[in-house]
$ cat data_29.cif   # mmCIF, C-alpha atoms; chains and numbers go by the auth columns
data_input
loop_
_atom_site.group_PDB
_atom_site.id
_atom_site.type_symbol
_atom_site.label_atom_id
_atom_site.label_comp_id
_atom_site.label_asym_id
_atom_site.label_seq_id
_atom_site.Cartn_x
_atom_site.Cartn_y
_atom_site.Cartn_z
_atom_site.B_iso_or_equiv
_atom_site.auth_seq_id
_atom_site.auth_asym_id
ATOM 1 C CA MET A 1 155.943 8.600 -192.177 0.00 63 X
ATOM 2 C CA LYS A 2 152.429 8.977 -190.787 0.00 64 X
ATOM 3 C CA VAL A 3 152.000 11.345 -187.852 0.00 65 X
ATOM 4 C CA LEU A 4 148.671 11.381 -186.026 0.00 66 X
ATOM 5 C CA LEU A 5 147.074 13.972 -183.771 0.00 67 X
ATOM 6 C CA ALA A 6 143.572 13.794 -182.328 0.00 68 X
ATOM 7 C CA GLY A 7 141.522 16.363 -180.476 0.00 69 X
ATOM 8 C CA THR A 8 138.373 18.389 -180.195 0.00 70 X
ATOM 9 C CA PHE A 9 139.680 21.492 -181.998 0.00 71 X
ATOM 10 C CA ASP A 10 136.738 23.504 -180.705 0.00 72 X
ATOM 11 C CA VAL A 11 137.393 27.162 -181.524 0.00 73 X
ATOM 12 C CA ILE A 12 140.783 27.060 -183.215 0.00 74 X
ATOM 13 C CA HIS A 13 143.369 29.121 -181.350 0.00 75 X
ATOM 14 C CA PRO A 14 147.128 29.805 -181.623 0.00 76 X
ATOM 15 C CA GLY A 15 147.936 26.839 -179.360 0.00 77 X
ATOM 16 C CA HIS A 16 146.287 24.501 -181.890 0.00 78 X
ATOM 17 C CA ILE A 17 148.249 26.033 -184.759 0.00 79 X
ATOM 18 C CA ALA A 18 151.527 25.785 -182.808 0.00 80 X
ATOM 19 C CA LEU A 19 150.795 22.133 -181.974 0.00 81 X
ATOM 20 C CA LEU A 20 150.021 21.210 -185.587 0.00 82 X
ATOM 21 C CA TRP A 21 153.154 22.925 -186.903 0.00 83 X
ATOM 22 C CA TRP A 22 155.287 21.377 -184.138 0.00 84 X
ATOM 23 C CA ALA A 23 154.094 17.870 -185.067 0.00 85 X
ATOM 24 C CA LYS A 24 154.579 18.491 -188.791 0.00 86 X
ATOM 25 C CA ARG A 25 158.074 19.950 -188.440 0.00 87 X
ATOM 26 C CA LYS A 26 159.362 17.609 -185.740 0.00 88 X
ATOM 27 C CA PHE A 27 158.323 14.367 -187.430 0.00 89 X
ATOM 28 C CA GLY A 28 157.791 15.328 -191.079 0.00 90 X
ATOM 29 C CA GLY A 29 155.740 13.068 -193.279 0.00 91 X
ATOM 30 C CA GLU A 30 151.981 13.230 -193.558 0.00 92 X
ATOM 31 C CA LEU A 31 150.012 14.789 -190.719 0.00 93 X
ATOM 32 C CA TYR A 32 146.701 13.065 -190.006 0.00 94 X
ATOM 33 C CA VAL A 33 144.272 14.813 -187.666 0.00 95 X
ATOM 34 C CA ILE A 34 141.279 13.130 -186.088 0.00 96 X
ATOM 35 C CA VAL A 35 138.599 15.582 -184.967 0.00 97 X
ATOM 36 C CA ALA A 36 136.495 14.256 -182.094 0.00 98 X
ATOM 37 C CA ARG A 37 132.870 13.350 -182.754 0.00 99 X
ATOM 38 C CA ASP A 38 130.348 15.548 -180.976 0.00 100 X
ATOM 39 C CA GLU A 39 129.249 12.601 -178.784 0.00 101 X
ATOM 40 C CA ASN A 40 132.837 11.948 -177.721 0.00 102 X
ATOM 41 C CA VAL A 41 133.344 15.599 -176.786 0.00 103 X
ATOM 42 C CA VAL A 42 130.335 15.314 -174.478 0.00 104 X
ATOM 43 C CA ARG A 43 131.626 11.969 -173.154 0.00 105 X
ATOM 44 C CA PHE A 44 135.159 13.186 -172.390 0.00 106 X
ATOM 45 C CA LYS A 45 134.628 16.883 -171.611 0.00 107 X
ATOM 46 C CA GLY A 46 131.126 16.789 -170.166 0.00 108 X
ATOM 47 C CA ARG A 47 129.831 19.464 -172.544 0.00 109 X
ATOM 48 C CA PRO A 48 128.899 19.731 -176.201 0.00 110 X
ATOM 49 C CA PRO A 49 131.338 21.368 -178.606 0.00 111 X
ATOM 50 C CA THR A 50 130.665 24.908 -179.800 0.00 112 X
ATOM 51 C CA LEU A 51 130.781 23.817 -183.448 0.00 113 X
ATOM 52 C CA PRO A 52 129.675 20.468 -184.916 0.00 114 X
ATOM 53 C CA ALA A 53 132.349 17.916 -185.878 0.00 115 X
ATOM 54 C CA ARG A 54 131.887 18.433 -189.630 0.00 116 X
ATOM 55 C CA VAL A 55 132.551 22.175 -189.251 0.00 117 X
ATOM 56 C CA ARG A 56 135.556 21.634 -186.957 0.00 118 X
ATOM 57 C CA ALA A 57 136.937 19.062 -189.441 0.00 119 X
ATOM 58 C CA PHE A 58 136.451 21.495 -192.344 0.00 120 X
ATOM 59 C CA ILE A 59 138.386 24.202 -190.481 0.00 121 X
ATOM 60 C CA VAL A 60 141.209 21.862 -189.405 0.00 122 X
ATOM 61 C CA GLY A 61 141.433 20.355 -192.885 0.00 123 X
ATOM 62 C CA ASN A 62 142.073 23.799 -194.329 0.00 124 X
ATOM 63 C CA LEU A 63 145.053 24.518 -192.093 0.00 125 X
ATOM 64 C CA LYS A 64 148.373 24.407 -193.927 0.00 126 X
ATOM 65 C CA PRO A 65 150.222 21.754 -191.871 0.00 127 X
ATOM 66 C CA VAL A 66 147.336 19.247 -192.081 0.00 128 X
ATOM 67 C CA ASP A 67 147.486 16.633 -194.845 0.00 129 X
ATOM 68 C CA HIS A 68 144.467 14.495 -193.873 0.00 130 X
ATOM 69 C CA VAL A 69 141.535 15.109 -191.554 0.00 131 X
ATOM 70 C CA LEU A 70 138.967 12.589 -190.369 0.00 132 X
ATOM 71 C CA ILE A 71 136.105 12.701 -187.914 0.00 133 X
ATOM 72 C CA GLY A 72 136.606 10.212 -185.112 0.00 134 X
ATOM 73 C CA SER A 73 134.565 7.143 -184.417 0.00 135 X
ATOM 74 C CA THR A 74 132.620 6.145 -181.315 0.00 136 X
ATOM 75 C CA ASP A 75 135.465 3.631 -180.840 0.00 137 X
ATOM 76 C CA VAL A 76 138.273 6.129 -180.221 0.00 138 X
ATOM 77 C CA LEU A 77 140.968 3.775 -181.556 0.00 139 X
ATOM 78 C CA TYR A 78 139.119 2.780 -184.745 0.00 140 X
ATOM 79 C CA ARG A 79 140.719 5.456 -186.943 0.00 141 X
ATOM 80 C CA VAL A 80 144.120 4.827 -185.332 0.00 142 X
ATOM 81 C CA ARG A 81 143.884 1.169 -186.303 0.00 143 X
ATOM 82 C CA LYS A 82 142.967 2.142 -189.879 0.00 144 X
ATOM 83 C CA ILE A 83 145.708 4.772 -190.263 0.00 145 X
ATOM 84 C CA ARG A 84 148.426 2.728 -188.472 0.00 146 X
ATOM 85 C CA PRO A 85 150.567 5.791 -187.696 0.00 147 X
ATOM 86 C CA ASP A 86 154.286 5.787 -187.046 0.00 148 X
ATOM 87 C CA VAL A 87 153.947 8.581 -184.466 0.00 149 X
ATOM 88 C CA ILE A 88 151.046 9.651 -182.274 0.00 150 X
ATOM 89 C CA VAL A 89 151.279 13.124 -180.773 0.00 151 X
ATOM 90 C CA LEU A 90 149.278 13.812 -177.633 0.00 152 X
ATOM 91 C CA GLY A 91 148.478 17.405 -176.813 0.00 153 X
ATOM 92 C CA PRO A 92 149.861 18.815 -173.567 0.00 154 X
ATOM 93 C CA ASP A 93 146.426 18.862 -171.917 0.00 155 X
ATOM 94 C CA GLN A 94 145.041 15.569 -173.232 0.00 156 X
ATOM 95 C CA ARG A 95 144.164 13.146 -170.432 0.00 157 X
ATOM 96 C CA ALA A 96 145.374 10.043 -172.288 0.00 158 X
ATOM 97 C CA SER A 97 148.220 8.127 -170.678 0.00 159 X
ATOM 98 C CA GLU A 98 151.141 7.491 -173.009 0.00 160 X
ATOM 99 C CA GLU A 99 151.815 4.108 -171.414 0.00 161 X
ATOM 100 C CA ARG A 100 148.198 2.941 -171.561 0.00 162 X
ATOM 101 C CA LEU A 101 147.925 4.051 -175.196 0.00 163 X
ATOM 102 C CA ARG A 102 151.091 2.109 -176.079 0.00 164 X
ATOM 103 C CA GLU A 103 149.618 -0.992 -174.422 0.00 165 X
ATOM 104 C CA GLU A 104 146.373 -0.646 -176.386 0.00 166 X
ATOM 105 C CA LEU A 105 148.242 -0.132 -179.665 0.00 167 X
ATOM 106 C CA GLU A 106 150.369 -3.204 -179.008 0.00 168 X
ATOM 107 C CA LYS A 107 147.207 -5.338 -178.910 0.00 169 X
ATOM 108 C CA PHE A 108 146.641 -4.383 -182.553 0.00 170 X
ATOM 109 C CA GLY A 109 150.252 -4.760 -183.645 0.00 171 X
ATOM 110 C CA ILE A 110 150.767 -1.011 -183.961 0.00 172 X
ATOM 111 C CA ASN A 111 154.259 -0.005 -182.887 0.00 173 X
ATOM 112 C CA ALA A 112 153.800 3.761 -183.003 0.00 174 X
ATOM 113 C CA THR A 113 155.990 6.144 -181.058 0.00 175 X
ATOM 114 C CA VAL A 114 153.757 8.032 -178.618 0.00 176 X
ATOM 115 C CA VAL A 115 154.928 11.506 -177.622 0.00 177 X
ATOM 116 C CA ARG A 116 153.482 14.273 -175.502 0.00 178 X
ATOM 117 C CA ALA A 117 153.806 17.692 -177.128 0.00 179 X
ATOM 118 C CA PRO A 118 155.102 20.573 -175.034 0.00 180 X
ATOM 119 C CA ARG A 119 152.817 23.366 -173.913 0.00 181 X
ATOM 120 C CA PHE A 120 152.986 26.331 -176.258 0.00 182 X
ATOM 121 C CA SER A 121 152.663 29.685 -174.529 0.00 183 X
ATOM 122 C CA THR A 122 150.981 31.792 -177.161 0.00 184 X
ATOM 123 C CA GLY A 123 148.735 33.522 -174.632 0.00 185 X
ATOM 124 C CA TYR A 124 145.646 31.915 -176.161 0.00 186 X
ATOM 125 C CA ASP A 125 146.090 28.174 -175.647 0.00 187 X
ATOM 126 C CA SER A 126 142.652 27.084 -174.502 0.00 188 X
ATOM 127 C CA SER A 127 139.336 27.028 -176.359 0.00 189 X
ATOM 128 C CA THR A 128 137.605 27.446 -173.007 0.00 190 X
ATOM 129 C CA ASP A 129 139.671 30.573 -172.250 0.00 191 X
ATOM 130 C CA VAL A 130 138.961 32.028 -175.703 0.00 192 X
ATOM 131 C CA LYS A 131 135.211 31.401 -175.295 0.00 193 X
ATOM 132 C CA LYS A 132 135.279 32.967 -171.820 0.00 194 X
ATOM 133 C CA ARG A 133 137.123 35.997 -173.179 0.00 195 X
ATOM 134 C CA ILE A 134 134.483 36.414 -175.919 0.00 196 X
ATOM 135 C CA HIS A 135 131.660 35.985 -173.412 0.00 197 X
ATOM 136 C CA ASP A 136 133.161 38.478 -170.955 0.00 198 X
ATOM 137 C CA ARG A 137 133.828 41.047 -173.680 0.00 199 X
ATOM 138 C CA TYR A 138 130.315 40.908 -175.177 0.00 200 X
ATOM 139 C CA GLU A 139 128.241 40.027 -172.118 0.00 201 X
ATOM 140 C CA LYS A 140 127.054 43.631 -171.750 0.00 202 X
ATOM 141 C CA PHE A 141 125.579 43.513 -175.266 0.00 203 X
ATOM 142 C CA MET A 142 123.636 40.317 -174.572 0.00 204 X
ATOM 143 C CA MET A 143 121.508 41.715 -171.783 0.00 205 X
#
$ encode --input "data_29.cif" --output "structure tokens"
Amino acid sequence: MKVLLAGTFDVIHPGHIALLWWAKRKFGGELYVIVARDENVVRFKGRPPTLPARVRAFIVGNLKPVDHVLIGSTDVLYRVRKIRPDVIVLGPDQRASEERLREELEKFGINATVVRAPRFSTGYDSSTDVKKRIHDRYEKFMM
């Protein structure tokens, strides 16, 4: 079984790790992770990532639950069409609509189950919050 997750993975935090393990344990099989291209991070989040895609992919690819890591394409469904997953896991804060994604997949003959992962309350579940915490803690040293 092929399980697919996609995301920015900018500043890895416990919420990312919980999500990856949840997908791996719940569905088994091989876990594929698509790390968003820098241009797509800007396009979807309105800001550049902290780390370049190749660095984020290297980090994600070295996490134990991950079997395969790829950097995304400018066409966000390109890698999905190539992998042809059995399951696609959407993160709890991803804006993608499950129904719209299913409709798009159907156009390419991909009958993947699309699921929304639950929110994991690790206390550090947002890259933005982690970056803000770092900034606030060290702001006095940057002046």
$ residues_near_point --input "data_29.cif" --point "(138.1, 16.6, -180.1)" --cutoff "12 Å" --atoms "all atoms listed in the file" --output "PyMOL selection string"
chain X and resi 67-74+78+95-107+109-116+118-119+122+132-136+138+152-153+155-157+189
$ atom_distance --input "data_29.cif" --atom1 "atom CA of X:Lys144" --atom2 "atom CA of X:Gly123"
18.5 Å
$ atom_distance --input "data_29.cif" --atom1 "atom CA of X:Arg178" --atom2 "atom CA of X:Arg141"
19.3 Å
$ atom_distance --input "data_29.cif" --atom1 "atom CA of X:Leu66" --atom2 "atom CA of X:Pro154"
14.6 Å
$ residues_around --input "data_29.cif" --residues "X:Met63" --least-positions-apart "2" --cutoff "12 Å" --atoms "all atoms listed in the file" --output "ChimeraX atom specification"
/X:65-66,85-86,88-94,129,145-150,174-175
$ closest_residue --input "data_29.cif" --among "X:Phe182, X:Tyr200, X:Tyr140, X:Phe120" --to "X:Ala80" --atoms "all atoms listed in the file"
X:Phe182
$ axis_aligned_box --input "data_29.cif" --around "stretch 85-99 of chain X" --padding-each-side "3 Å" --output "AutoDock Vina command-line options"
--center_x 146.1 --center_y 16.5 --center_z -187.8 --size_x 32.5 --size_y 12.9 --size_z 17.5
$ resolve_selection --input "data_29.cif" --expression "the PyMOL selection byres ((chain X and resi 159-163) around 8)" --output "list in words"
Arg157, Ala158, Arg164, Glu165, Glu166, Leu167, Val176, Val177 and Arg178 of chain X
$ write_last_selection --input "data_29.cif" --atoms "C-alpha atoms" --output "compact mmCIF listing (two decimals), in the frame of the given file"
# COMPACT_ATOMS: atom_id res chain seq x y z
CA ARG X 157 144.16 13.15 -170.43
CA ALA X 158 145.37 10.04 -172.29
CA ARG X 164 151.09 2.11 -176.08
CA GLU X 165 149.62 -0.99 -174.42
CA GLU X 166 146.37 -0.65 -176.39
CA LEU X 167 148.24 -0.13 -179.66
CA VAL X 176 153.76 8.03 -178.62
CA VAL X 177 154.93 11.51 -177.62
CA ARG X 178 153.48 14.27 -175.50
$ closest_residue --input "data_29.cif" --among "X:Leu139, X:Ile172, X:Leu82, X:Glu201" --to "X:Lys126" --atoms "all atoms listed in the file"
X:Leu82
